$ cat coords.pdb   # PDB, C-alpha atoms
ATOM      1  CA  MET X  10       7.795  13.127  24.497
ATOM      2  CA  GLU X  11       6.018  11.162  21.776
ATOM      3  CA  LYS X  12       8.212   9.146  19.422
ATOM      4  CA  VAL X  13       5.583   8.290  16.803
ATOM      5  CA  THR X  14       3.018  10.164  14.758
ATOM      6  CA  VAL X  15       0.261   8.204  13.046
ATOM      7  CA  ILE X  16      -1.040   9.858   9.873
ATOM      8  CA  ILE X  17      -4.492   9.013   8.543
ATOM      9  CA  PRO X  18      -6.037  10.226   5.272
ATOM     10  CA  CYS X  19      -9.815  10.312   5.528
ATOM     11  CA  TYR X  20     -12.528  10.543   2.879
ATOM     12  CA  ASN X  21     -16.145   9.852   3.856
ATOM     13  CA  GLY X  22     -14.991   7.828   6.847
ATOM     14  CA  GLU X  23     -17.667   8.797   9.354
ATOM     15  CA  ALA X  24     -18.580   5.146   9.990
ATOM     16  CA  PHE X  25     -15.077   4.036  10.985
ATOM     17  CA  ILE X  26     -12.642   6.942  11.459
ATOM     18  CA  GLU X  27     -13.166   7.184  15.221
ATOM     19  CA  LYS X  28     -12.115   3.548  15.713
ATOM     20  CA  ALA X  29      -8.941   4.164  13.716
ATOM     21  CA  VAL X  30      -8.107   7.324  15.667
ATOM     22  CA  ARG X  31      -8.826   5.778  19.085
ATOM     23  CA  SER X  32      -6.668   2.763  18.242
ATOM     24  CA  ALA X  33      -3.743   5.047  17.363
ATOM     25  CA  LEU X  34      -4.172   7.209  20.467
ATOM     26  CA  GLY X  35      -4.518   4.116  22.663
ATOM     27  CA  GLN X  36      -1.057   2.709  21.984
ATOM     28  CA  THR X  37       1.164   1.529  24.821
ATOM     29  CA  ILE X  38       3.656   4.264  23.896
ATOM     30  CA  PRO X  39       2.526   7.887  23.602
ATOM     31  CA  THR X  40       1.593   8.847  20.051
ATOM     32  CA  ARG X  41       0.430  11.842  18.120
ATOM     33  CA  VAL X  42      -2.196  11.491  15.422
ATOM     34  CA  ILE X  43      -2.731  13.675  12.356
ATOM     35  CA  VAL X  44      -5.879  13.117  10.308
ATOM     36  CA  VAL X  45      -6.265  14.897   6.983
ATOM     37  CA  ASP X  46      -9.838  15.041   5.763
ATOM     38  CA  ASP X  47      -9.876  15.022   1.956
ATOM     39  CA  CYS X  48     -13.070  17.053   1.531
ATOM     40  CA  SER X  49     -15.406  14.369   2.848
ATOM     41  CA  LYS X  50     -19.066  14.756   1.956
ATOM     42  CA  ASP X  51     -20.243  13.190   5.214
ATOM     43  CA  ASN X  52     -19.690  14.311   8.821
ATOM     44  CA  SER X  53     -16.147  12.934   9.124
ATOM     45  CA  PHE X  54     -14.480  16.277   9.757
ATOM     46  CA  ALA X  55     -17.037  17.426  12.310
ATOM     47  CA  LEU X  56     -16.531  14.159  14.174
ATOM     48  CA  LEU X  57     -12.770  14.604  14.096
ATOM     49  CA  GLN X  58     -13.052  18.163  15.395
ATOM     50  CA  ALA X  59     -15.200  16.950  18.282
ATOM     51  CA  ILE X  60     -12.604  14.326  19.238
ATOM     52  CA  ALA X  61      -9.734  16.815  18.884
ATOM     53  CA  ALA X  62     -11.475  19.274  21.215
ATOM     54  CA  ASN X  63     -10.818  16.851  24.087
ATOM     55  CA  GLU X  64      -7.620  15.215  22.815
ATOM     56  CA  PRO X  65      -4.566  17.471  22.421
ATOM     57  CA  ARG X  66      -2.559  14.709  20.718
ATOM     58  CA  LEU X  67      -4.964  14.712  17.754
ATOM     59  CA  THR X  68      -4.608  17.217  14.917
ATOM     60  CA  ALA X  69      -7.424  17.275  12.363
ATOM     61  CA  ILE X  70      -7.079  19.353   9.211
ATOM     62  CA  ARG X  71      -9.144  19.597   6.045
ATOM     63  CA  GLN X  72      -7.777  19.825   2.534
ATOM     64  CA  PRO X  73      -8.887  22.860   0.480
ATOM     65  CA  GLN X  74      -9.829  20.472  -2.332
ATOM     66  CA  ASN X  75      -9.951  16.712  -2.862
ATOM     67  CA  GLY X  76      -6.486  15.536  -3.853
ATOM     68  CA  GLY X  77      -6.489  11.821  -3.108
ATOM     69  CA  PRO X  78      -4.743   9.782  -0.406
ATOM     70  CA  SER X  79      -1.188  10.676  -1.450
ATOM     71  CA  ALA X  80      -1.839  14.417  -1.200
ATOM     72  CA  ALA X  81      -3.516  13.915   2.185
ATOM     73  CA  ARG X  82      -0.596  11.863   3.498
ATOM     74  CA  ASN X  83       1.907  14.422   2.250
ATOM     75  CA  ALA X  84       0.022  17.213   3.994
ATOM     76  CA  ALA X  85       0.269  15.207   7.223
ATOM     77  CA  LEU X  86       3.927  14.290   6.694
ATOM     78  CA  ARG X  87       4.859  17.976   6.512
ATOM     79  CA  LEU X  88       3.453  18.459  10.014
ATOM     80  CA  VAL X  89       5.252  15.528  11.670
ATOM     81  CA  GLU X  90       7.703  16.465  14.442
ATOM     82  CA  THR X  91       8.382  13.034  15.994
ATOM     83  CA  PRO X  92      11.311  10.705  15.121
ATOM     84  CA  TRP X  93       9.004   8.066  13.615
ATOM     85  CA  VAL X  94       5.851   8.167  11.500
ATOM     86  CA  ALA X  95       3.377   5.444  10.520
ATOM     87  CA  ASN X  96       0.505   5.291   8.027
ATOM     88  CA  LEU X  97      -2.956   4.084   8.976
ATOM     89  CA  ASP X  98      -5.885   3.820   6.573
ATOM     90  CA  ALA X  99      -9.106   5.310   7.885
ATOM     91  CA  ASP X 100     -11.020   2.007   7.709
ATOM     92  CA  ASP X 101      -8.288   0.004   9.491
ATOM     93  CA  TYR X 102      -7.146  -0.026  13.112
ATOM     94  CA  LEU X 103      -4.215  -0.952  15.368
ATOM     95  CA  LEU X 104      -3.830  -3.288  18.312
ATOM     96  CA  SER X 105      -2.529  -1.454  21.344
ATOM     97  CA  ASP X 106       1.089  -2.671  21.494
ATOM     98  CA  ARG X 107       1.911  -2.457  17.788
ATOM     99  CA  LEU X 108       3.894   0.776  17.688
ATOM    100  CA  ARG X 109       5.972  -0.015  20.775
ATOM    101  CA  ARG X 110       7.092  -3.278  19.175
ATOM    102  CA  LEU X 111       7.901  -1.618  15.856
ATOM    103  CA  VAL X 112       9.873   1.220  17.476
ATOM    104  CA  GLU X 113      11.814  -1.234  19.617
ATOM    105  CA  HIS X 114      12.747  -3.317  16.577
ATOM    106  CA  GLY X 115      13.531  -0.326  14.357
ATOM    107  CA  GLU X 116      15.734   1.389  16.907
ATOM    108  CA  GLY X 117      17.445  -1.831  17.929
ATOM    109  CA  LYS X 118      18.378  -2.680  14.326
ATOM    110  CA  GLY X 119      19.080   0.865  13.105
ATOM    111  CA  LEU X 120      16.382   0.655  10.413
ATOM    112  CA  ASP X 121      14.722   3.355   8.344
ATOM    113  CA  PHE X 122      11.591   1.288   7.588
ATOM    114  CA  VAL X 123      10.184  -1.574   9.645
ATOM    115  CA  ALA X 124       6.946  -3.178   8.472
ATOM    116  CA  ASP X 125       4.977  -5.886  10.221
ATOM    117  CA  ASP X 126       2.863  -8.412   8.364
ATOM    118  CA  VAL X 127      -0.742  -7.226   8.203
ATOM    119  CA  ILE X 128      -3.779  -9.142   9.475
ATOM    120  CA  ARG X 129      -6.736  -8.870   7.097
ATOM    121  CA  VAL X 130     -10.249  -9.280   8.525
ATOM    122  CA  GLU X 131     -13.786  -9.011   7.262
ATOM    123  CA  PRO X 132     -16.004  -6.347   8.880
ATOM    124  CA  GLY X 133     -16.861  -7.477  12.414
ATOM    125  CA  GLN X 134     -14.351 -10.331  12.388
ATOM    126  CA  SER X 135     -11.909 -10.781  15.275
ATOM    127  CA  PRO X 136      -8.209 -10.220  14.481
ATOM    128  CA  ALA X 137      -7.502 -13.728  15.787
ATOM    129  CA  ASP X 138      -9.733 -15.107  13.021
ATOM    130  CA  GLY X 139      -8.235 -12.964  10.273
ATOM    131  CA  VAL X 140      -5.499 -14.029   7.870
ATOM    132  CA  ARG X 141      -1.977 -12.767   7.421
ATOM    133  CA  VAL X 142      -1.333 -10.869   4.203
ATOM    134  CA  TRP X 143       2.261 -11.871   3.393
ATOM    135  CA  LYS X 144       3.257 -15.102   5.142
ATOM    136  CA  ASP X 145       1.166 -17.730   6.926
ATOM    137  CA  GLU X 146       3.941 -18.870   9.255
ATOM    138  CA  LEU X 147       6.188 -17.052  11.702
ATOM    139  CA  PHE X 148       9.436 -15.901  10.081
ATOM    140  CA  GLY X 149      10.867 -13.514  12.671
ATOM    141  CA  SER X 150      12.365 -10.778  10.526
ATOM    142  CA  ALA X 151      13.284 -10.538   6.854
ATOM    143  CA  PRO X 152      15.649  -7.943   5.354
ATOM    144  CA  MET X 153      14.033  -6.351   2.316
ATOM    145  CA  GLY X 154      16.091  -5.187  -0.653
ATOM    146  CA  LEU X 155      14.774  -3.602  -3.835
ATOM    147  CA  ALA X 156      14.760  -6.750  -5.997
ATOM    148  CA  ARG X 157      12.960  -8.843  -3.407
ATOM    149  CA  PHE X 158      10.474  -6.063  -2.657
ATOM    150  CA  VAL X 159       9.554  -5.660  -6.330
ATOM    151  CA  ARG X 160       9.090  -9.403  -6.817
ATOM    152  CA  GLU X 161       6.975  -9.661  -3.651
ATOM    153  CA  ASN X 162       4.566  -7.229  -5.327
ATOM    154  CA  MET X 163       3.759  -9.643  -8.133
ATOM    155  CA  ALA X 164       1.132 -12.360  -7.681
ATOM    156  CA  LYS X 165       3.457 -14.763  -9.520
ATOM    157  CA  TYR X 166       5.777 -14.706  -6.488
ATOM    158  CA  ALA X 167       3.632 -13.485  -3.587
ATOM    159  CA  GLY X 168       0.239 -14.974  -4.474
ATOM    160  CA  PRO X 169      -3.075 -13.189  -5.166
ATOM    161  CA  ARG X 170      -3.696 -10.265  -2.788
ATOM    162  CA  ARG X 171      -0.509 -11.063  -0.885
ATOM    163  CA  GLU X 172       1.595  -8.276  -2.346
ATOM    164  CA  ILE X 173       3.937  -6.696   0.167
ATOM    165  CA  GLY X 174       2.908  -3.206  -0.931
ATOM    166  CA  TYR X 175      -0.159  -3.661   1.301
ATOM    167  CA  LEU X 176       2.060  -3.312   4.385
ATOM    168  CA  LYS X 177       2.162  -0.104   6.439
ATOM    169  CA  PRO X 178       5.702   0.369   7.785
ATOM    170  CA  LEU X 179       6.982   2.533  10.579
ATOM    171  CA  MET X 180       9.286   5.087   8.919
ATOM    172  CA  ARG X 181      12.213   7.093  10.261
ATOM    173  CA  VAL X 182      11.369  10.762   9.729
ATOM    174  CA  ALA X 183      15.032  11.823   9.454
ATOM    175  CA  PHE X 184      15.408   9.562   6.400
ATOM    176  CA  LEU X 185      12.272  10.981   4.766
ATOM    177  CA  ARG X 186      13.493  14.534   5.348
ATOM    178  CA  GLU X 187      17.031  13.827   4.134
ATOM    179  CA  LYS X 188      15.781  12.225   0.909
ATOM    180  CA  ASP X 189      12.843  14.634   0.467
ATOM    181  CA  LEU X 190      10.636  11.560   0.204
ATOM    182  CA  PHE X 191       6.911  12.091  -0.305
ATOM    183  CA  PHE X 192       4.108  10.146  -1.985
ATOM    184  CA  ARG X 193       3.460  10.779  -5.668
ATOM    185  CA  GLU X 194       0.271  12.793  -5.776
ATOM    186  CA  ASP X 195      -0.443  11.923  -9.414
ATOM    187  CA  MET X 196      -0.841   8.241  -8.481
ATOM    188  CA  ARG X 197      -4.047   6.792  -7.019
ATOM    189  CA  LEU X 198      -3.132   3.147  -7.543
ATOM    190  CA  ALA X 199      -0.033   1.426  -6.130
ATOM    191  CA  GLU X 200       1.219   4.711  -4.706
ATOM    192  CA  ASP X 201       2.396   2.790  -1.627
ATOM    193  CA  TYR X 202       4.399   0.380  -3.808
ATOM    194  CA  GLU X 203       6.036   3.273  -5.665
ATOM    195  CA  PHE X 204       6.876   5.129  -2.429
ATOM    196  CA  TYR X 205       8.413   2.079  -0.749
ATOM    197  CA  ALA X 206      10.351   1.024  -3.850
ATOM    198  CA  ARG X 207      11.682   4.570  -4.223
ATOM    199  CA  SER X 208      12.844   4.514  -0.599
ATOM    200  CA  LEU X 209      14.858   1.395  -1.403
ATOM    201  CA  THR X 210      16.447   3.008  -4.467
ATOM    202  CA  LEU X 211      17.518   5.793  -2.071
ATOM    203  CA  GLY X 212      19.211   3.370   0.296
ATOM    204  CA  ALA X 213      16.588   2.817   2.995
ATOM    205  CA  ARG X 214      17.347   0.059   5.493
ATOM    206  CA  TRP X 215      14.229  -2.144   5.474
ATOM    207  CA  GLU X 216      12.980  -5.154   7.403
ATOM    208  CA  VAL X 217       9.640  -6.951   7.536
ATOM    209  CA  ILE X 218       8.697  -8.700  10.780
ATOM    210  CA  ASP X 219       5.866 -10.867  12.091
ATOM    211  CA  PRO X 220       2.513  -9.203  12.830
ATOM    212  CA  CYS X 221       2.477  -6.651  15.629
ATOM    213  CA  GLY X 222      -1.134  -5.576  15.231
ATOM    214  CA  TYR X 223      -2.050  -3.723  12.032
ATOM    215  CA  ILE X 224      -5.608  -4.847  11.264
ATOM    216  CA  ALA X 225      -6.775  -4.230   7.684
ATOM    217  CA  VAL X 226     -10.531  -4.380   7.254
ATOM    218  CA  SER X 227     -11.709  -5.615   3.843
ATOM    219  CA  MET X 228     -14.304  -3.103   2.696
ATOM    220  CA  PRO X 229     -16.465  -4.192  -0.264
ATOM    221  CA  ASP X 230     -16.747  -0.640  -1.634
ATOM    222  CA  SER X 231     -13.098   0.330  -1.113
ATOM    223  CA  LEU X 232     -11.899   2.992  -3.545
ATOM    224  CA  SER X 233      -8.754   0.940  -4.182
ATOM    225  CA  LYS X 234     -10.860  -1.770  -5.837
ATOM    226  CA  ALA X 235     -12.071   0.524  -8.629
ATOM    227  CA  TYR X 236      -9.580   2.445 -10.738
ATOM    228  CA  PRO X 237      -9.367   3.873 -14.280
ATOM    229  CA  THR X 238      -7.003   2.677 -16.973
ATOM    230  CA  ALA X 239      -4.961   5.864 -16.585
ATOM    231  CA  ALA X 240      -4.035   4.763 -13.057
ATOM    232  CA  ILE X 241      -2.280   1.686 -14.471
ATOM    233  CA  GLU X 242      -0.419   3.896 -16.943
ATOM    234  CA  LYS X 243       1.082   5.755 -13.960
ATOM    235  CA  MET X 244       2.414   2.433 -12.663
ATOM    236  CA  VAL X 245       4.058   1.780 -16.030
ATOM    237  CA  GLN X 246       5.669   5.209 -15.924
ATOM    238  CA  ALA X 247       6.907   4.588 -12.383
ATOM    239  CA  ASP X 248       8.610   1.332 -13.344
ATOM    240  CA  ARG X 249      10.245   2.978 -16.343
ATOM    241  CA  ALA X 250      11.535   5.725 -14.062
ATOM    242  CA  PHE X 251      12.959   3.130 -11.661
ATOM    243  CA  LEU X 252      14.867   1.490 -14.511
ATOM    244  CA  LYS X 253      16.685   4.796 -15.050
ATOM    245  CA  THR X 254      18.030   4.767 -11.477
ATOM    246  CA  PRO X 255      21.850   4.817 -11.561
ATOM    247  CA  GLY X 256      23.698   1.902 -10.018
ATOM    248  CA  LEU X 257      20.991  -0.763 -10.141
ATOM    249  CA  SER X 258      22.280  -4.318  -9.854
ATOM    250  CA  ALA X 259      21.485  -6.860 -12.563
ATOM    251  CA  GLU X 260      19.031  -8.565 -10.183
ATOM    252  CA  GLU X 261      17.271  -5.296  -9.364
ATOM    253  CA  ARG X 262      17.030  -4.356 -13.021
ATOM    254  CA  ALA X 263      15.611  -7.794 -13.882
ATOM    255  CA  ALA X 264      12.988  -7.588 -11.115
ATOM    256  CA  ILE X 265      11.847  -4.099 -12.133
ATOM    257  CA  GLY X 266      11.788  -5.155 -15.788
ATOM    258  CA  GLU X 267       9.550  -8.085 -14.955
ATOM    259  CA  HIS X 268       7.222  -5.842 -12.942
ATOM    260  CA  LEU X 269       7.173  -3.361 -15.835
ATOM    261  CA  HIS X 270       6.239  -6.122 -18.275
ATOM    262  CA  GLN X 271       3.334  -7.114 -16.016
ATOM    263  CA  THR X 272       2.029  -3.572 -15.576
ATOM    264  CA  ALA X 273       2.515  -2.702 -19.252
ATOM    265  CA  THR X 274       0.541  -5.797 -20.251
ATOM    266  CA  ASP X 275      -2.252  -4.921 -17.826
ATOM    267  CA  TYR X 276      -2.325  -1.350 -19.147
ATOM    268  CA  ALA X 277      -2.433  -2.448 -22.793
ATOM    269  CA  TRP X 278      -5.204  -4.973 -22.075
ATOM    270  CA  ARG X 279      -7.320  -2.412 -20.239
ATOM    271  CA  THR X 280      -6.749   0.044 -23.088
ATOM    272  CA  MET X 281      -7.987  -2.571 -25.558
ATOM    273  CA  ILE X 282     -11.100  -3.180 -23.446
ATOM    274  CA  ASP X 283     -11.759   0.570 -23.325
ATOM    275  CA  GLY X 284     -11.349   0.760 -27.089
ATOM    276  CA  VAL X 285     -13.790  -2.069 -27.707
ATOM    277  CA  ARG X 286     -16.358  -0.667 -25.273
ATOM    278  CA  THR X 287     -16.204   2.842 -26.734
ATOM    279  CA  LYS X 288     -15.720   1.626 -30.322
ATOM    280  CA  SER X 289     -12.520   3.651 -30.542
ATOM    281  CA  PRO X 290     -10.034   2.418 -33.175
ATOM    282  CA  ALA X 291      -7.448   4.841 -31.752
ATOM    283  CA  LEU X 292      -7.515   3.152 -28.333
ATOM    284  CA  MET X 293      -7.422  -0.322 -29.845
ATOM    285  CA  LEU X 294      -4.430   0.711 -31.949
ATOM    286  CA  ARG X 295      -2.714   2.176 -28.882
ATOM    287  CA  ALA X 296      -3.132  -1.142 -27.099
ATOM    288  CA  LEU X 297      -1.288  -2.883 -29.921
ATOM    289  CA  MET X 298       1.419  -0.229 -30.349
ATOM    290  CA  GLN X 299       3.452  -1.774 -27.556
ATOM    291  CA  PRO X 300       6.631  -3.875 -27.460
ATOM    292  CA  PRO X 301       6.038  -7.226 -29.189
ATOM    293  CA  ALA X 302       6.068  -9.193 -25.919
ATOM    294  CA  VAL X 303       3.222  -7.013 -24.634
ATOM    295  CA  SER X 304       1.154  -6.653 -27.812
ATOM    296  CA  GLY X 305       1.467 -10.384 -28.410
ATOM    297  CA  LYS X 306      -0.111 -11.111 -25.033
ATOM    298  CA  VAL X 307      -2.923  -8.652 -25.749
ATOM    299  CA  MET X 308      -3.694 -10.358 -29.037
ATOM    300  CA  LEU X 309      -3.602 -13.770 -27.355
ATOM    301  CA  ARG X 310      -6.043 -12.551 -24.700
ATOM    302  CA  MET X 311      -8.365 -11.233 -27.428
ATOM    303  CA  VAL X 312      -8.347 -14.628 -29.154
ATOM    304  CA  LYS X 313      -9.073 -16.391 -25.854
ATOM    305  CA  HIS X 314     -11.852 -13.918 -25.150
ATOM    306  CA  LEU X 315     -13.459 -14.578 -28.522
ATOM    307  CA  LEU X 316     -13.165 -18.336 -27.955
ATOM    308  CA  ARG X 317     -14.559 -17.927 -24.403
ATOM    309  CA  LEU X 318     -11.422 -19.421 -22.887
ATOM    310  CA  PRO X 319      -9.901 -18.313 -19.558
ATOM    311  CA  ILE X 320      -7.867 -15.197 -20.319
ATOM    312  CA  LEU X 321      -5.466 -15.350 -17.378
ATOM    313  CA  PRO X 322      -3.880 -18.461 -15.876
ATOM    314  CA  GLU X 323      -5.154 -19.196 -12.409
ATOM    315  CA  ILE X 324      -2.623 -18.716  -9.620
ATOM    316  CA  PRO X 325      -3.691 -21.142  -6.912
ATOM    317  CA  GLU X 326      -3.686 -19.811  -3.376
ATOM    318  CA  LEU X 327      -2.953 -22.285  -0.617
ATOM    319  CA  PRO X 328      -5.472 -22.669   2.219
ATOM    320  CA  ARG X 329      -4.718 -20.019   4.807
ATOM    321  CA  LYS X 330      -4.696 -20.475   8.562
ATOM    322  CA  PRO X 331      -6.491 -18.046  10.865
ATOM    323  CA  ALA X 332      -4.045 -15.706  12.573
ATOM    324  CA  ARG X 333      -4.748 -17.319  15.951
ATOM    325  CA  GLU X 334      -3.056 -20.494  14.702
ATOM    326  CA  SER X 335       0.248 -18.655  14.344
ATOM    327  CA  ALA X 336       1.796 -18.632  17.792
ATOM    328  CA  GLY X 337       3.267 -15.614  19.527
ATOM    329  CA  LEU X 338       1.442 -12.869  17.655
ATOM    330  CA  GLY X 339      -0.260 -11.305  20.642
ATOM    331  CA  LEU X 340      -3.490 -10.859  18.705
ATOM    332  CA  THR X 341      -6.364 -10.266  21.093
TER     333      THR X 341
END

$ encode --input "coords.pdb" --output "structure tokens"
Amino acid sequence: MEKVTVIIPCYNGEAFIEKAVRSALGQTIPTRVIVVDDCSKDNSFALLQAIAANEPRLTAIRQPQNGGPSAARNAALRLVETPWVANLDADDYLLSDRLRRLVEHGEGKGLDFVADDVIRVEPGQSPADGVRVWKDELFGSAPMGLARFVRENMAKYAGPRREIGYLKPLMRVAFLREKDLFFREDMRLAEDYEFYARSLTLGARWEVIDPCGYIAVSMPDSLSKAYPTAAIEKMVQADRAFLKTPGLSAEERAAIGEHLHQTATDYAWRTMIDGVRTKSPALMLRALMQPPAVSGKVMLRMVKHLLRLPILPEIPELPRKPARESAGLGLT
């Protein structure tokens, strides 16, 4: 009997969805796969139906209306019947032994979430020549509490594009059911971060381990690279909600507060830009009607912009080794 279900939201993924599905079905332990087509305008769903006709472990369903990746994932989560579930983005793929290694580690340590470091590649690039998202060197396993998780989602601590929210953990279904844990469907930016952080506020036992074979393909036209200002506002609201969680430690509260300050500043700055572009005094005023620490940064950025100075301090990123230079990863 299969232990793992892989859930894949799909929107206009005709060019790459079959590779994702085949990689999930081709694991060294038996898996089920559920793909939820989010009203694609291309032939994604027809392709999925053709694959499913010859593969009983694949379930392909189509949303009645486009609801975004969180709604698609939730629709799939409600259908899961295996002990473990894992997310896979439609433009990514898995190496064949990944899920076996994650299940073995998760069951051996009694975890609710076990995430492996992701390998990011360019289209057509070999996984061995990709780069690790979180850490360049082998670290074995790292317990992940709420405070550390939140900080590892800020470039100040993790580095640019090294936020741990990019990871795709294996999740214990019994925990998700017990806590009634689903993705927030009103969020289309950082919904993974919010979901994982919420799991930690609910007591999830988390670890991050060295790469097991999740390959993230950098797509130049990815939907996650273009988002409206309102999407950042949802992140601000999420952090404020986290701060209301009973029983937070001082360290957890400080980490969430720092993340809130960052997201609130980003939201206010984007609101100011929108106000200037649309010549809307109301939006510009809204950008300044923030706590002094936030509005002060917005005003400083405006001054720097007018003086043609760099608005944000550069966060240097150290040279990164190809994944093949990290021993023992089994990347082929």

$ closest_residue --input "coords.pdb" --among "X:Arg87, X:Arg181, X:Lys12, X:Arg31" --to "Ala99 in chain X" --atoms "all atoms listed in the file"
X:Arg31

$ resolve_selection --input "coords.pdb" --expression "the PyMOL selection byres ((chain X and resi 47) around 6)" --output "list in words"
Cys19, Tyr20, Asp46, Cys48, Ser49, Gln72 and Asn75 of chain X

$ closest_atom_pairs --input "coords.pdb" --of "range 10-108 of chain X" --to "range 219-229 of chain X" --cutoff "7 Å" --atoms "all atoms listed in the file" --output "Markdown table"
| residue | atom | partner | partner_atom | distance |
| --- | --- | --- | --- | --- |
| X:Asp100 | CA | X:Val226 | CA | 6.4 |
| X:Asp101 | CA | X:Ala225 | CA | 4.8 |
| X:Tyr102 | CA | X:Ile224 | CA | 5.4 |
| X:Leu103 | CA | X:Tyr223 | CA | 4.8 |
| X:Leu104 | CA | X:Gly222 | CA | 4.7 |
| X:Arg107 | CA | X:Cys221 | CA | 4.8 |

$ atom_distance --input "coords.pdb" --atom1 "CA of Ala137 in chain X" --atom2 "CA of Ala332 in chain X"
5.1 Å

$ residues_around --input "coords.pdb" --residues "Thr280 in chain X" --least-positions-apart "3" --cutoff "6 Å" --atoms "all atoms listed in the file" --output "PyMOL selection string"
chain X and resi 277+283+296

$ build_atoms --input "coords.pdb" --residues "range 108-120 of chain X" --atoms "N, CA, C and O atoms" --output "PDB file, in the frame of the given file"
ATOM      1  N   LEU X 108       2.855  -0.214  17.940  1.00  0.00           N
ATOM      2  CA  LEU X 108       3.894   0.776  17.688  1.00  0.00           C
ATOM      3  C   LEU X 108       5.082   0.609  18.628  1.00  0.00           C
ATOM      4  O   LEU X 108       6.231   0.830  18.223  1.00  0.00           O
ATOM      5  N   ARG X 109       4.846   0.220  19.859  1.00  0.00           N
ATOM      6  CA  ARG X 109       5.972  -0.015  20.775  1.00  0.00           C
ATOM      7  C   ARG X 109       6.894  -1.089  20.208  1.00  0.00           C
ATOM      8  O   ARG X 109       8.124  -0.948  20.219  1.00  0.00           O
ATOM      9  N   ARG X 110       6.300  -2.166  19.704  1.00  0.00           N
ATOM     10  CA  ARG X 110       7.092  -3.278  19.175  1.00  0.00           C
ATOM     11  C   ARG X 110       7.859  -2.860  17.917  1.00  0.00           C
ATOM     12  O   ARG X 110       9.019  -3.232  17.727  1.00  0.00           O
ATOM     13  N   LEU X 111       7.220  -2.068  17.065  1.00  0.00           N
ATOM     14  CA  LEU X 111       7.901  -1.618  15.856  1.00  0.00           C
ATOM     15  C   LEU X 111       9.053  -0.671  16.185  1.00  0.00           C
ATOM     16  O   LEU X 111      10.142  -0.777  15.608  1.00  0.00           O
ATOM     17  N   VAL X 112       8.820   0.282  17.091  1.00  0.00           N
ATOM     18  CA  VAL X 112       9.873   1.220  17.476  1.00  0.00           C
ATOM     19  C   VAL X 112      11.049   0.476  18.096  1.00  0.00           C
ATOM     20  O   VAL X 112      12.214   0.741  17.782  1.00  0.00           O
ATOM     21  N   GLU X 113      10.762  -0.458  18.969  1.00  0.00           N
ATOM     22  CA  GLU X 113      11.814  -1.234  19.617  1.00  0.00           C
ATOM     23  C   GLU X 113      12.661  -1.971  18.587  1.00  0.00           C
ATOM     24  O   GLU X 113      13.894  -1.988  18.668  1.00  0.00           O
ATOM     25  N   HIS X 114      12.010  -2.580  17.599  1.00  0.00           N
ATOM     26  CA  HIS X 114      12.747  -3.317  16.577  1.00  0.00           C
ATOM     27  C   HIS X 114      13.520  -2.351  15.676  1.00  0.00           C
ATOM     28  O   HIS X 114      14.701  -2.586  15.363  1.00  0.00           O
ATOM     29  N   GLY X 115      12.880  -1.269  15.258  1.00  0.00           N
ATOM     30  CA  GLY X 115      13.531  -0.326  14.357  1.00  0.00           C
ATOM     31  C   GLY X 115      14.740   0.338  14.976  1.00  0.00           C
ATOM     32  O   GLY X 115      15.797   0.476  14.341  1.00  0.00           O
ATOM     33  N   GLU X 116      14.609   0.741  16.238  1.00  0.00           N
ATOM     34  CA  GLU X 116      15.734   1.389  16.907  1.00  0.00           C
ATOM     35  C   GLU X 116      16.838   0.385  17.230  1.00  0.00           C
ATOM     36  O   GLU X 116      18.025   0.700  17.129  1.00  0.00           O
ATOM     37  N   GLY X 117      16.451  -0.821  17.598  1.00  0.00           N
ATOM     38  CA  GLY X 117      17.445  -1.831  17.929  1.00  0.00           C
ATOM     39  C   GLY X 117      18.276  -2.261  16.736  1.00  0.00           C
ATOM     40  O   GLY X 117      19.456  -2.605  16.878  1.00  0.00           O
ATOM     41  N   LYS X 118      17.672  -2.226  15.527  1.00  0.00           N
ATOM     42  CA  LYS X 118      18.378  -2.680  14.326  1.00  0.00           C
ATOM     43  C   LYS X 118      18.901  -1.519  13.470  1.00  0.00           C
ATOM     44  O   LYS X 118      19.523  -1.751  12.429  1.00  0.00           O
ATOM     45  N   GLY X 119      18.632  -0.282  13.885  1.00  0.00           N
ATOM     46  CA  GLY X 119      19.080   0.865  13.105  1.00  0.00           C
ATOM     47  C   GLY X 119      18.412   0.957  11.749  1.00  0.00           C
ATOM     48  O   GLY X 119      19.054   1.299  10.746  1.00  0.00           O
ATOM     49  N   LEU X 120      17.117   0.694  11.680  1.00  0.00           N
ATOM     50  CA  LEU X 120      16.382   0.655  10.413  1.00  0.00           C
ATOM     51  C   LEU X 120      15.779   2.011  10.074  1.00  0.00           C
ATOM     52  O   LEU X 120      15.557   2.848  10.944  1.00  0.00           O
TER      53      LEU X 120
END
